[in-house]
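See below for final-v1.tsv, which holds TSV, C-alpha atoms and all ligand atoms.
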```
chain	number	residue	atom	x	y	z
A	1	MET	CA	-11.25	-11.95	-6.29
A	2	ILE	CA	-8.40	-10.08	-4.61
A	3	LEU	CA	-8.87	-9.35	-0.91
A	4	THR	CA	-7.30	-6.18	0.49
A	5	VAL	CA	-6.99	-5.65	4.24
A	6	THR	CA	-6.77	-2.15	5.71
A	7	LEU	CA	-6.88	-2.44	9.50
A	8	ASN	CA	-6.41	1.33	9.86
A	9	THR	CA	-8.70	2.79	7.18
A	10	ALA	CA	-8.67	6.58	6.81
A	11	LEU	CA	-10.63	9.41	5.33
A	12	ASP	CA	-7.87	10.98	3.23
A	13	VAL	CA	-8.20	14.76	3.04
A	14	THR	CA	-5.97	16.57	0.52
A	15	TYR	CA	-5.45	20.36	0.68
A	16	THR	CA	-3.73	22.36	-2.01
A	17	VAL	CA	-2.09	25.63	-0.94
A	18	ASP	CA	-0.10	28.17	-2.95
A	19	ALA	CA	2.92	27.72	-0.67
A	20	LEU	CA	3.27	25.79	2.60
A	21	VAL	CA	5.02	28.01	5.13
A	22	PRO	CA	5.38	26.72	8.74
A	23	HIS	CA	4.16	29.06	11.50
A	24	THR	CA	1.79	30.97	9.15
A	25	SER	CA	-1.92	30.54	8.34
A	26	HIS	CA	-2.99	29.34	4.90
A	27	ARG	CA	-5.96	29.80	2.59
A	28	VAL	CA	-6.72	26.38	1.17
A	29	GLY	CA	-7.39	26.23	-2.59
A	30	ASP	CA	-8.70	22.74	-3.42
A	31	VAL	CA	-10.02	20.27	-0.84
A	32	THR	CA	-10.67	16.62	-1.67
A	33	GLU	CA	-11.91	13.77	0.55
A	34	ARG	CA	-11.34	10.17	-0.46
A	35	PRO	CA	-11.82	6.79	1.24
A	36	GLY	CA	-8.26	5.77	2.05
A	37	GLY	CA	-5.83	3.67	3.94
A	38	LYS	CA	-3.49	1.67	1.76
A	39	GLY	CA	-5.66	-1.38	1.04
A	40	LEU	CA	-8.62	0.77	-0.03
A	41	ASN	CA	-6.36	2.54	-2.53
A	42	VAL	CA	-5.12	-0.82	-3.80
A	43	ALA	CA	-8.72	-1.99	-4.29
A	44	ARG	CA	-9.69	1.19	-6.13
A	45	VAL	CA	-6.82	0.79	-8.59
A	46	LEU	CA	-7.63	-2.92	-9.01
A	47	GLY	CA	-11.20	-1.90	-9.90
A	48	ALA	CA	-9.91	0.58	-12.50
A	49	LEU	CA	-7.84	-2.27	-14.00
A	50	GLY	CA	-10.95	-4.47	-14.22
A	51	HIS	CA	-10.19	-6.76	-11.26
A	52	GLU	CA	-12.78	-7.73	-8.68
A	53	SER	CA	-11.77	-6.93	-5.11
A	54	VAL	CA	-13.17	-7.03	-1.60
A	55	VAL	CA	-12.00	-4.65	1.12
A	56	THR	CA	-11.92	-5.52	4.80
A	57	GLY	CA	-10.52	-3.95	7.95
A	58	PHE	CA	-12.31	-1.63	10.35
A	59	ALA	CA	-14.59	1.39	9.98
A	60	GLY	CA	-16.41	3.25	12.76
A	61	GLY	CA	-17.98	6.45	14.01
A	62	HIS	CA	-18.87	9.47	11.90
A	63	THR	CA	-15.68	9.31	9.81
A	64	GLY	CA	-16.28	5.63	9.19
A	65	ASP	CA	-19.80	6.41	7.88
A	66	VAL	CA	-18.44	9.11	5.56
A	67	LEU	CA	-15.71	6.74	4.34
A	68	ARG	CA	-18.20	3.96	3.60
A	69	GLY	CA	-20.49	6.39	1.81
A	70	LEU	CA	-17.64	7.51	-0.44
A	71	LEU	CA	-16.52	3.92	-0.99
A	72	ALA	CA	-19.95	2.66	-2.09
A	73	PRO	CA	-19.91	4.03	-5.68
A	74	LEU	CA	-16.38	2.73	-6.25
A	75	ALA	CA	-15.59	-0.78	-7.45
A	76	PRO	CA	-14.63	-2.78	-4.31
A	77	ARG	CA	-17.10	-4.81	-2.23
A	78	ASP	CA	-17.24	-3.43	1.32
A	79	ALA	CA	-16.64	-6.09	3.99
A	80	LEU	CA	-15.38	-3.62	6.61
A	81	VAL	CA	-16.00	-4.68	10.22
A	82	PRO	CA	-17.64	-2.13	12.55
A	83	VAL	CA	-15.56	-0.61	15.35
A	84	ALA	CA	-16.88	1.57	18.20
A	85	GLY	CA	-14.17	4.23	17.79
A	86	ASN	CA	-13.97	6.85	15.08
A	87	THR	CA	-12.10	6.00	11.86
A	88	ARG	CA	-9.11	8.35	11.50
A	89	ARG	CA	-8.45	11.09	8.96
A	90	THR	CA	-5.19	11.78	7.20
A	91	LEU	CA	-4.25	15.16	5.79
A	92	ALA	CA	-1.99	15.63	2.76
A	93	VAL	CA	-1.04	19.24	2.03
A	94	THR	CA	0.25	19.86	-1.48
A	95	ASP	CA	2.35	22.98	-2.00
A	96	ARG	CA	1.72	24.39	-5.51
A	97	SER	CA	4.98	26.36	-5.51
A	98	THR	CA	7.15	23.24	-5.18
A	99	GLY	CA	4.76	20.43	-6.08
A	100	ASP	CA	5.73	18.70	-2.82
A	101	THR	CA	3.27	17.13	-0.38
A	102	THR	CA	3.37	17.05	3.44
A	103	GLN	CA	1.44	14.27	5.16
A	104	PHE	CA	-0.24	14.10	8.62
A	105	ASN	CA	-1.66	10.71	9.70
A	106	GLU	CA	-3.88	10.34	12.79
A	107	PRO	CA	-3.33	7.18	14.90
A	108	GLY	CA	-6.77	5.59	14.34
A	109	PRO	CA	-9.44	4.19	16.68
A	110	GLN	CA	-8.79	1.89	19.63
A	111	VAL	CA	-9.75	-1.66	18.59
A	112	SER	CA	-11.03	-3.99	21.35
A	113	PRO	CA	-10.24	-7.74	21.60
A	114	ASP	CA	-13.88	-8.53	20.63
A	115	GLU	CA	-13.63	-6.32	17.53
A	116	TRP	CA	-10.37	-8.03	16.54
A	117	ALA	CA	-12.03	-11.45	17.01
A	118	ALA	CA	-14.95	-10.33	14.79
A	119	PHE	CA	-12.47	-9.17	12.16
A	120	LEU	CA	-10.63	-12.52	12.24
A	121	ARG	CA	-13.87	-14.41	11.58
A	122	THR	CA	-14.61	-12.19	8.56
A	123	TYR	CA	-11.02	-12.47	7.28
A	124	GLU	CA	-10.95	-16.27	7.51
A	125	GLU	CA	-14.16	-16.54	5.46
A	126	LEU	CA	-12.96	-14.06	2.82
A	127	VAL	CA	-9.49	-15.62	2.48
A	128	ASP	CA	-11.07	-18.93	1.48
A	129	ALA	CA	-12.70	-17.21	-1.51
A	130	ALA	CA	-9.67	-15.07	-2.51
A	131	ASP	CA	-7.11	-15.55	-5.30
A	132	ALA	CA	-4.65	-13.28	-3.47
A	133	VAL	CA	-4.52	-11.17	-0.31
A	134	ALA	CA	-2.88	-7.78	0.31
A	135	LEU	CA	-2.23	-6.75	3.93
A	136	CYS	CA	-1.65	-3.02	3.95
A	137	GLY	CA	-0.74	-0.12	6.21
A	138	SER	CA	-0.32	0.73	9.87
A	139	LEU	CA	-2.03	-0.97	12.82
A	140	PRO	CA	-4.61	1.00	14.82
A	141	PRO	CA	-4.17	1.18	18.61
A	142	GLY	CA	-5.18	-1.98	20.47
A	143	ILE	CA	-4.12	-4.41	17.76
A	144	HIS	CA	-1.18	-6.61	18.73
A	145	VAL	CA	2.07	-6.09	16.89
A	146	GLY	CA	2.05	-9.66	15.55
A	147	ALA	CA	-1.35	-9.15	13.88
A	148	TYR	CA	0.01	-9.24	10.34
A	149	ALA	CA	2.05	-12.35	11.12
A	150	GLU	CA	-1.22	-13.99	12.24
A	151	LEU	CA	-2.99	-12.90	9.01
A	152	VAL	CA	-0.07	-14.12	6.86
A	153	ARG	CA	-0.22	-17.54	8.55
A	154	ILE	CA	-3.99	-17.80	7.92
A	155	ALA	CA	-3.55	-16.97	4.20
A	156	ARG	CA	-0.67	-19.43	3.88
A	157	ALA	CA	-2.70	-22.17	5.58
A	158	ALA	CA	-5.40	-21.56	2.94
A	159	ALA	CA	-2.70	-21.65	0.17
A	160	VAL	CA	-3.61	-18.11	-0.96
A	161	PRO	CA	-0.69	-15.86	-2.08
A	162	VAL	CA	-0.23	-13.04	0.42
A	163	LEU	CA	1.49	-9.66	0.01
A	164	LEU	CA	2.50	-7.58	3.03
A	165	ASP	CA	2.98	-3.80	2.86
A	166	THR	CA	3.62	-2.33	6.30
A	167	SER	CA	6.55	-1.04	8.34
A	168	GLY	CA	8.43	-1.36	11.64
A	169	GLU	CA	7.85	-4.23	14.04
A	170	PRO	CA	4.61	-5.44	12.33
A	171	LEU	CA	6.70	-5.83	9.13
A	172	ARG	CA	9.52	-7.63	10.95
A	173	ARG	CA	7.12	-10.12	12.54
A	174	GLY	CA	5.04	-10.43	9.38
A	175	ILE	CA	8.14	-11.35	7.34
A	176	ALA	CA	8.98	-14.10	9.82
A	177	ALA	CA	5.57	-15.66	9.00
A	178	ARG	CA	6.82	-16.14	5.40
A	179	PRO	CA	4.61	-13.99	3.13
A	180	ASP	CA	4.87	-14.51	-0.64
A	181	LEU	CA	5.82	-10.89	-1.25
A	182	VAL	CA	6.71	-7.78	0.77
A	183	LYS	CA	6.85	-4.26	-0.68
A	184	PRO	CA	8.79	-2.01	1.68
A	185	ASN	CA	10.39	1.26	0.65
A	186	ALA	CA	14.18	1.57	0.82
A	187	GLU	CA	13.98	3.41	4.16
A	188	GLU	CA	11.83	0.70	5.78
A	189	LEU	CA	14.14	-2.01	4.42
A	190	ALA	CA	17.17	-0.21	5.85
A	191	ARG	CA	15.47	0.08	9.26
A	192	LEU	CA	14.54	-3.60	9.17
A	193	THR	CA	17.90	-4.99	8.11
A	194	GLY	CA	20.47	-2.32	9.02
A	195	SER	CA	21.68	-2.25	5.39
A	196	ARG	CA	21.23	0.86	3.24
A	197	GLU	CA	22.06	-1.01	0.02
A	198	PRO	CA	18.59	-2.09	-1.22
A	199	SER	CA	19.54	-5.35	-2.95
A	200	ARG	CA	21.53	-6.51	0.08
A	201	ALA	CA	18.70	-5.45	2.42
A	202	ALA	CA	16.12	-7.21	0.23
A	203	GLY	CA	18.26	-10.37	0.24
A	204	ASP	CA	18.35	-10.16	4.03
A	205	ALA	CA	14.53	-9.77	4.16
A	206	ARG	CA	14.25	-12.92	2.04
A	207	ARG	CA	16.49	-14.84	4.44
A	208	ARG	CA	14.22	-13.67	7.28
A	209	GLY	CA	11.22	-15.29	5.56
A	210	ALA	CA	9.83	-13.19	2.67
A	211	HIS	CA	9.59	-15.30	-0.49
A	212	ALA	CA	10.11	-12.24	-2.73
A	213	VAL	CA	10.82	-8.56	-2.04
A	214	VAL	CA	9.87	-5.59	-4.22
A	215	ALA	CA	11.55	-2.51	-2.78
A	216	SER	CA	10.25	0.90	-3.72
A	217	LEU	CA	13.06	3.33	-4.60
A	218	GLY	CA	10.79	6.40	-4.76
A	219	PRO	CA	11.01	8.29	-8.08
A	220	GLU	CA	13.66	5.83	-9.30
A	221	GLY	CA	11.20	2.93	-9.49
A	222	LEU	CA	11.37	-0.57	-8.03
A	223	LEU	CA	13.93	-3.25	-7.26
A	224	ALA	CA	12.71	-6.86	-7.20
A	225	VAL	CA	14.64	-9.61	-5.45
A	226	THR	CA	12.84	-12.89	-6.13
A	227	PRO	CA	13.56	-16.63	-6.44
A	228	GLN	CA	13.30	-16.15	-10.25
A	229	GLY	CA	15.89	-13.35	-10.39
A	230	LEU	CA	16.63	-9.70	-9.66
A	231	TRP	CA	15.26	-6.77	-11.70
A	232	ARG	CA	15.34	-2.97	-11.65
A	233	ALA	CA	12.30	-1.21	-13.11
A	234	ALA	CA	12.42	2.55	-13.72
A	235	PRO	CA	10.05	5.17	-15.16
A	236	PRO	CA	11.24	7.07	-18.27
A	237	ALA	CA	11.71	10.23	-16.17
A	238	ALA	CA	11.20	11.28	-12.56
A	239	VAL	CA	7.93	13.19	-12.03
A	240	ARG	CA	6.83	15.61	-9.31
A	241	GLY	CA	3.43	15.62	-7.69
A	242	ASN	CA	1.49	13.99	-4.88
A	243	PRO	CA	3.13	10.61	-4.12
A	244	THR	CA	0.38	9.62	-1.62
A	245	GLY	CA	-0.85	6.22	-2.71
A	246	ALA	CA	1.89	5.64	-5.31
A	247	GLY	CA	3.07	2.56	-3.40
A	248	ASP	CA	-0.52	1.28	-3.23
A	249	SER	CA	-0.83	1.57	-7.00
A	250	ALA	CA	2.39	-0.44	-7.30
A	251	VAL	CA	0.81	-3.14	-5.10
A	252	ALA	CA	-2.30	-3.15	-7.32
A	253	GLY	CA	-0.07	-3.44	-10.39
A	254	LEU	CA	1.86	-6.37	-8.94
A	255	LEU	CA	-1.23	-8.25	-7.78
A	256	SER	CA	-3.31	-7.67	-10.91
A	257	ALA	CA	-0.43	-8.82	-13.12
A	258	LEU	CA	0.12	-11.86	-10.88
A	259	ALA	CA	-3.59	-12.71	-11.17
A	260	GLU	CA	-3.29	-12.44	-14.98
A	261	GLY	CA	-0.39	-14.89	-14.98
A	262	LEU	CA	2.20	-12.32	-16.14
A	263	GLU	CA	5.89	-12.78	-15.36
A	264	TRP	CA	8.01	-10.54	-13.12
A	265	PRO	CA	9.17	-8.05	-15.80
A	266	GLU	CA	5.57	-7.33	-16.89
A	267	ARG	CA	4.40	-7.15	-13.27
A	268	LEU	CA	7.13	-4.63	-12.46
A	269	ALA	CA	6.49	-2.51	-15.56
A	270	ARG	CA	2.81	-2.25	-14.67
A	271	ALA	CA	3.61	-1.41	-11.04
A	272	VAL	CA	6.04	1.39	-12.00
A	273	ALA	CA	3.71	2.88	-14.64
A	274	LEU	CA	0.79	2.88	-12.20
A	275	SER	CA	2.74	4.39	-9.32
A	276	THR	CA	4.19	7.13	-11.56
A	277	ALA	CA	0.70	7.88	-12.91
A	278	THR	CA	-0.50	8.14	-9.29
A	279	VAL	CA	2.08	10.85	-8.50
A	280	LEU	CA	0.71	12.76	-11.50
A	281	ALA	CA	-2.89	12.72	-10.16
A	282	PRO	CA	-3.61	15.51	-7.64
A	283	ALA	CA	-5.73	13.55	-5.10
A	284	ALA	CA	-4.28	10.91	-2.77
A	285	GLY	CA	-4.65	7.37	-4.07
A	286	GLU	CA	-5.85	8.13	-7.61
A	287	PHE	CA	-3.95	7.64	-10.86
A	288	ASP	CA	-3.95	9.49	-14.17
A	289	ALA	CA	-5.24	6.84	-16.62
A	290	ALA	CA	-3.95	8.60	-19.76
A	291	ALA	CA	-0.48	9.00	-18.23
A	292	TYR	CA	-0.52	5.31	-17.24
A	293	ALA	CA	-1.22	4.23	-20.83
A	294	GLN	CA	1.61	6.42	-22.12
A	295	LEU	CA	4.08	5.37	-19.44
A	296	LEU	CA	3.58	1.59	-19.57
A	297	PRO	CA	5.54	0.92	-22.80
A	298	ARG	CA	8.29	3.35	-21.71
A	299	VAL	CA	9.15	1.76	-18.34
A	300	THR	CA	12.53	0.03	-18.47
A	301	VAL	CA	12.91	-3.32	-16.72
A	302	GLU	CA	16.40	-4.77	-16.62
A	303	PRO	CA	18.02	-7.72	-14.86
A	304	TYR	CA	19.94	-6.39	-11.88
A	305	THR	CA	23.42	-7.43	-10.83
A	306	PRO	CA	24.35	-6.25	-7.34
A	307	THR	CA	27.77	-4.67	-6.97
A	308	PRO	CA	30.02	-7.04	-4.98
B	401	LIG	O1	-0.74	5.32	8.31
B	401	LIG	P1	-0.60	4.29	7.22
B	401	LIG	O2	-1.61	3.21	7.34
B	401	LIG	O3	0.79	3.76	7.09
B	401	LIG	O4	-0.82	5.05	5.85
B	401	LIG	C1	-2.04	5.67	5.59
B	401	LIG	C2	-2.01	6.41	4.30
B	401	LIG	O5	-1.21	7.57	4.39
B	401	LIG	O6	-1.48	5.62	3.27
B	401	LIG	C3	-2.19	5.83	2.08
B	401	LIG	C4	-1.21	6.14	1.02
B	401	LIG	O7	-0.33	5.07	0.84
B	401	LIG	C5	-3.22	6.88	2.36
B	401	LIG	O8	-4.40	6.64	1.67
B	401	LIG	C6	-3.42	6.66	3.81
B	401	LIG	O9	-4.19	7.49	4.47
```

Kindly present the structure from the file in structure tokens form.
Amino acid sequence: MILTVTLNTALDVTYTVDALVPHTSHRVGDVTERPGGKGLNVARVLGALGHESVVTGFAGGHTGDVLRGLLAPLAPRDALVPVAGNTRRTLAVTDRSTGDTTQFNEPGPQVSPDEWAAFLRTYEELVDAADAVALCGSLPPGIHVGAYAELVRIARAAAVPVLLDTSGEPLRRGIAARPDLVKPNAEELARLTGSREPSRAAGDARRRGAHAVVASLGPEGLLAVTPQGLWRAAPPAAVRGNPTGAGDSAVAGLLSALAEGLEWPERLARAVALSTATVLAPAAGEFDAAAYAQLLPRVTVEPYTPTP
């Protein structure tokens, strides 16, 4: 079982408009609502790949009820911990004229110390039964900035591989707790390390504590800096669409392939094919299964030599 943690779950709303023009009103074409937050997306993709997963984090209020209702028919087991506040919404607006998406993320509910303590009890129990753990997304208000570092330490104490996908100070502190893998994008890596050259920045993140780093380079694919070597994985062509959740699909690809005992090149190929197929699906956090099957054999994975 793979455990995914989403402390700041979200009801992801996606609007499609003919053209997004600031300072004007819009008629919305399609509206979709999906249970989201990064770890929920990871779990959904894991389910589609035939892997058992359990989702934990917080859910509360009316939005939390809607989210749980939408989650129920999907594959993951719901171990979300109740919170008094209202689970947030996010809004992704896709502009048909350009294919680009604009994202608005609410902050999330205030989490009390008692709610955090209840979550920690649930997490500790679930970690003991997990083959791998993914810690994903932003922290809701009230949760201390070292929360992910605490969760990384618990997973490591239980000898369960742990992946961290967050940003800013929670990422910096989480890395210092020595996770097995981090998956920042190039921008987050640059903010963390001060270096805009991804392989140098990823090397720096490893020196700070991450065992391996898979950096997302947007439409250009992934760069992996690991104890076993460095690789660049790229899709056959850049695609346009809704990138919301593409990084989460990459996480699901990496973890599922790890659980199947595949080596880095196969893990990276799967991650790139899944994230590209996610951009091609209109709703946040879903992937186009036919596109995934076509893309997988066409992803290139090559050893990477950094320029001196
Ligand atoms: O605000 P966060 O936690 O960083 O990101 C939240 C979010 O935008 O990320 C997912 C896509 O990766 C969406 O499902 C989700 O709502």

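For region 156-162 of chain A, the residues within 8 Å (counting all atoms listed in the file, excluding itself and residues fewer than 3 positions away along the chain) are Val127, Asp128, Ala130, Asp131, Ala132, Val133, Ala134, Leu135, Val152, Arg153, Pro179, Asp180 and Leu181 of chain A.
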
Who sits within 8 Å of Leu295 (chain A), all atoms listed in the file, same chain under 2 positions skipped, as a compact mmCIF listing (two decimals) with C-alpha atoms, keeping the file's coordinate frame:
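What follows is the written file result_25.txt:
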```
# COMPACT_ATOMS: atom_id res chain seq x y z
CA PRO A 235 10.05 5.17 -15.16
CA PRO A 236 11.24 7.07 -18.27
CA ALA A 273 3.71 2.88 -14.64
CA ALA A 277 0.70 7.88 -12.91
CA ALA A 291 -0.48 9.00 -18.23
CA TYR A 292 -0.52 5.31 -17.24
CA ALA A 293 -1.22 4.23 -20.83
CA PRO A 297 5.54 0.92 -22.80
CA ARG A 298 8.29 3.35 -21.71
CA VAL A 299 9.15 1.76 -18.34
```

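Computed from the coordinates, the CA of Val214 (chain A) to CA of Val182 (chain A) distance equals 6.3 Å.
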
Give me the box for ligand LIG 401 (chain B) as AutoDock Vina command-line options, namely the centre and edge lengths in Å to one decimal of a box along x, y and z that holds every listed atom plus 6 Å on each side.
```
--center_x -1.8 --center_y 5.4 --center_z 4.6 --size_x 17.2 --size_y 16.4 --size_z 19.5
```

May I have the residues within 10 Å of Thr305 (chain A) as a list in words, using all atoms listed in the file and disregarding those fewer than 4 positions away in the same chain? Ser199, Gly229, Leu230, Trp231 and Arg232 of chain A

Nearby polymer residues, ligand LIG 401 (chain B), at most 8 Å, all atoms listed in the file, as an mmCIF file with C-alpha atoms, keeping the file's coordinate frame:
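This went into result-v7.cif:
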```
data_model
loop_
_atom_site.group_PDB
_atom_site.id
_atom_site.type_symbol
_atom_site.label_atom_id
_atom_site.label_comp_id
_atom_site.auth_asym_id
_atom_site.auth_seq_id
_atom_site.Cartn_x
_atom_site.Cartn_y
_atom_site.Cartn_z
ATOM 1 C CA THR A 6 -6.770 -2.150 5.710
ATOM 2 C CA ASN A 8 -6.410 1.330 9.860
ATOM 3 C CA THR A 9 -8.700 2.790 7.180
ATOM 4 C CA ALA A 10 -8.670 6.580 6.810
ATOM 5 C CA LEU A 11 -10.630 9.410 5.330
ATOM 6 C CA ASP A 12 -7.870 10.980 3.230
ATOM 7 C CA PRO A 35 -11.820 6.790 1.240
ATOM 8 C CA GLY A 36 -8.260 5.770 2.050
ATOM 9 C CA GLY A 37 -5.830 3.670 3.940
ATOM 10 C CA LYS A 38 -3.490 1.670 1.760
ATOM 11 C CA LEU A 40 -8.620 0.770 -0.030
ATOM 12 C CA ASN A 41 -6.360 2.540 -2.530
ATOM 13 C CA ARG A 89 -8.450 11.090 8.960
ATOM 14 C CA THR A 90 -5.190 11.780 7.200
ATOM 15 C CA LEU A 91 -4.250 15.160 5.790
ATOM 16 C CA GLN A 103 1.440 14.270 5.160
ATOM 17 C CA PHE A 104 -0.240 14.100 8.620
ATOM 18 C CA ASN A 105 -1.660 10.710 9.700
ATOM 19 C CA GLU A 106 -3.880 10.340 12.790
ATOM 20 C CA PRO A 107 -3.330 7.180 14.900
ATOM 21 C CA CYS A 136 -1.650 -3.020 3.950
ATOM 22 C CA GLY A 137 -0.740 -0.120 6.210
ATOM 23 C CA SER A 138 -0.320 0.730 9.870
ATOM 24 C CA LEU A 139 -2.030 -0.970 12.820
ATOM 25 C CA THR A 166 3.620 -2.330 6.300
ATOM 26 C CA SER A 167 6.550 -1.040 8.340
ATOM 27 C CA THR A 244 0.380 9.620 -1.620
ATOM 28 C CA GLY A 245 -0.850 6.220 -2.710
ATOM 29 C CA ALA A 246 1.890 5.640 -5.310
ATOM 30 C CA GLY A 247 3.070 2.560 -3.400
ATOM 31 C CA ASP A 248 -0.520 1.280 -3.230
ATOM 32 C CA ALA A 284 -4.280 10.910 -2.770
ATOM 33 C CA GLY A 285 -4.650 7.370 -4.070
#
```

Just the number, please: distance in Å from CA of Ser249 (chain A) to CA of Ala290 (chain A), one decimal. 14.9 Å

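Proximity ranking of A:Val213, A:Leu280, A:Val272, A:Leu222 relative to Arg200 (chain A) places A:Val213 first, based on all atoms listed in the file.
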
Expressed in Å to a single decimal, how great is the separation between CA of Arg96 (chain A) and CA of Ala238 (chain A)? 17.6 Å

Find the residue from A:Val93, A:Ser53, A:Arg34, A:Arg172 that sits nearest to Leu71 (chain A); use only C-alpha atoms when measuring. A:Arg34

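Across A:Phe58, A:Gly218, A:Asp100, A:Leu3, the tightest approach to Arg77 (chain A) is made by A:Leu3 when counting only C-alpha atoms.
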
So that I can check the surroundings of Ala149 (chain A), please list as a ChimeraX atom specification every protein, DNA and RNA residue that reaches within 6 Å of it, counting all atoms listed in the file and ignoring chain neighbours fewer than 6 positions away. /A:173-174,177

Residues from the last selection, C-alpha atoms, saved as a CSV table (one decimal), keeping the file's coordinate frame:
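Written file, again.csv:
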```csv
chain,number,residue,atom,x,y,z
A,173,ARG,CA,7.1,-10.1,12.5
A,174,GLY,CA,5.0,-10.4,9.4
A,177,ALA,CA,5.6,-15.7,9.0
```

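Closest approach to Glu197 (chain A) among A:Thr307, A:Thr101, A:Thr87, A:Thr32 is made by A:Thr307 (distances from only C-alpha atoms).
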
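Counting all atoms listed in the file and comparing A:Ala59, A:Leu126, A:Ser216, A:Ala176, the residue that lies closest to Tyr148 (chain A) is A:Ala176.
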